[in-house]
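J.: For reference, the structure I am asking about is given below.
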Amino acid sequence: MIVVTGGVTAAKGFLASGLSAGIKKSGRKDLALLYSEVPAVAAGAFTTNVFQASPLKISKVHLSHKMHQALIVNSGNANCANGKAGERAAVATADYIARALCLDRREVLVASTGIIGRPLPVEKIKCKVADLVAGLSKEGARAFSEAILTTDTVKKECALKVRIGSSTVTIGGAAKGVGMIYPEMKVEKHATTLCFITTDASISKAMLASSLGEAIEESFNMASVDGDMSTNDSCFIIANGMAGNKRIADKGQDYSKFTAALKSLTTELAKKLVKDGEGATKFVTIEVAGAKSRADAARIARKTSTSSLFKACLYGEDPNWGRVVAAAGSAGVDFNPGKADLYLGGVKVLSNGASVKFDTAKAMGLFKKKDIYIKLDLKYGHAKATAWTCDLSKEYVEINSEYST
């Protein structure tokens, strides 16, 4: 596995573009297009929030189609809570692209991110479709990554290559999200986290969906900025087969290699989201080991990552480890607290469920660093899981107290 430069156009046969359609008041880029030069298979994972945005509903329907070739996404407007008008707007957006690229409308996927409850200005999108299509290029990955951003401060891209059989497969991706980040996405079998992944691997639609589900469970679904689940969380992957590898049609060795590479890419993108969290000054890795099952370990890690008290002490650079054990104990997981050990970096602060003397100055020094590592060892089993989070700062409150004004 080799990390390479690039994003959504790193894989063979993919082109992208991005521009301003006037959806954002700022005039920044807010409309992006991704295109495969040949028909491809696709899979998607979406928020489990029951209040789902219109583009998710339409993309779920379109994913039941066998092949796909394009994806259009806008930022600045979530197209959520707009009723049937929102669904018609999402369908119209897909239709504009389908007509321009001579595709079946079902071959076009749609996504949106931004403010909830405002009608999507479809006429502005329609007026820019010709320019969007004309701008498609390999170099368009940068514009694509910029156009999907909302309050993000940096674009988030990643790409890698992996050898599968006698072929080299490339996977590339771009993501956005800095607030309203607590994904719980599930793969459908037919400030928001958005992720768009492309690959030139030859793989069946079923195996692609399975691989995406595995990757998301250990990456995006373990990331948290504020513990709030979006109405628009979506992750799409499109595979066009241009790498020429033997088609992955079952869960054999090639599937395992591809999935491992995909997990690596989604994990890197998930970390980028947390590091760019709204107002974040700390990036925190929480490892929970010694659990009875991975699900138990993940539940504790996720619970800790969303604790407002814990996140506040991170911002204050206060190594109040009591916040960690309190969060862990309230996660609803069966374990024996009398066995647990807790480490702040390399400093052990809890042993067999009891506090121990430790170097306070060293612990405080660890919390002054930008990257912080915390490990809770339950010593109750052999499973583990890792979550990523950031601190809760004054800037976060300021950003979200005036987001829609």
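Every chain in the structure tokens has a letter given in the order shown (A, B, ...), and although residue numbers restart at 1 in each chain, ligands are simply numbered from 1 in the order shown.
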Could you give me the residues within segment 168-394 of chain A that DSSP places in alpha helix (DSSP H), as number ranges by chain?

T.: A: 205-217, 253-275, 294-305, 308-315, 322-329, 360-367, 394

J.: Name all residues at most 8 Å from segment 362-365 of chain A (count only C-alpha atoms; drop same-chain ones fewer than 4 positions away) and give them as a compact mmCIF listing (two decimals) with N, CA and C atoms, in the first residue's frame.

T.:
# COMPACT_ATOMS: atom_id res chain seq x y z
N GLU A 317 -6.77 22.43 29.08
CA GLU A 317 -5.49 21.74 29.31
C GLU A 317 -5.38 21.24 30.75
N ASP A 318 -6.50 20.69 31.21
CA ASP A 318 -6.59 20.16 32.58
C ASP A 318 -6.68 18.64 32.51
N PRO A 319 -5.67 17.91 32.96
CA PRO A 319 -5.68 16.44 32.89
C PRO A 319 -6.61 15.79 33.92
N LEU A 344 -2.82 8.46 30.47
CA LEU A 344 -2.82 9.73 29.75
C LEU A 344 -1.46 9.82 29.08
N GLY A 345 -1.43 9.53 27.78
CA GLY A 345 -0.13 9.42 27.13
C GLY A 345 0.60 8.25 27.77
N VAL A 347 1.52 8.29 30.92
CA VAL A 347 1.34 8.44 32.38
C VAL A 347 0.16 7.59 32.85
N LYS A 369 -0.12 19.75 24.67
CA LYS A 369 0.23 19.41 23.29
C LYS A 369 -1.02 19.39 22.42

J.: What's the 7 Å shell around segment 261-272 of chain A, counting only C-alpha atoms, without same-chain residues fewer than 4 positions away, as a PyMOL selection string?

T.: chain A and resi 1+156-159+162+175+215-216+219-220+223+257+276+388

J.: Using the selection just defined, write its residues with C-alpha atoms as a CSV table (one decimal), in the first residue's frame.

T.:
chain,number,residue,atom,x,y,z
A,1,MET,CA,0.0,0.0,0.0
A,156,LYS,CA,-9.4,17.2,2.9
A,157,GLU,CA,-8.0,14.7,0.3
A,158,CYS,CA,-6.2,11.4,0.3
A,159,ALA,CA,-5.2,8.8,-2.3
A,162,VAL,CA,-2.5,-1.1,-3.6
A,175,ALA,CA,-14.3,14.8,2.4
A,215,ALA,CA,-14.4,0.7,6.3
A,216,ILE,CA,-16.9,3.2,7.6
A,219,SER,CA,-13.3,5.2,10.5
A,220,PHE,CA,-16.0,7.8,10.1
A,223,ALA,CA,-15.0,10.2,14.7
A,257,LYS,CA,-6.6,-6.3,0.3
A,276,ASP,CA,-10.2,20.6,11.4
A,388,TRP,CA,-11.0,10.4,17.6

J.: Mind dumping a table of every segment 208-319 of chain A residue within 12 Å of segment 87-110 of chain A, with the nearest atom pair and its distance in Å to one decimal, using only C-alpha atoms, sorted by chain and rising number, as CSV?

T.:
residue,atom,partner,partner_atom,distance
A:Asn232,CA,A:Val110,CA,11.1
A:Ser234,CA,A:Val110,CA,9.9
A:Cys235,CA,A:Val110,CA,11.1
A:Phe236,CA,A:Leu109,CA,8.8
A:Ile237,CA,A:Leu109,CA,10.7
A:Ile238,CA,A:Leu109,CA,10.3

J.: Of the candidates A:Met242, A:Asp226, A:Gly18, A:Ala42, which shows the shortest atom-to-atom distance to His62 of chain A, using only C-alpha atoms?

T.: A:Ala42

J.: Show which residues sit within 10 Å of segment 29-35 of chain A, as number ranges by chain. Count only C-alpha atoms, and ignore same-chain residues fewer than 5 positions away.

T.: A: 8-9, 13-24, 40, 68-77, 97, 101, 108-114, 124-125, 128-129, 132-133, 135-137, 140-141, 143-150, 196, 198, 238
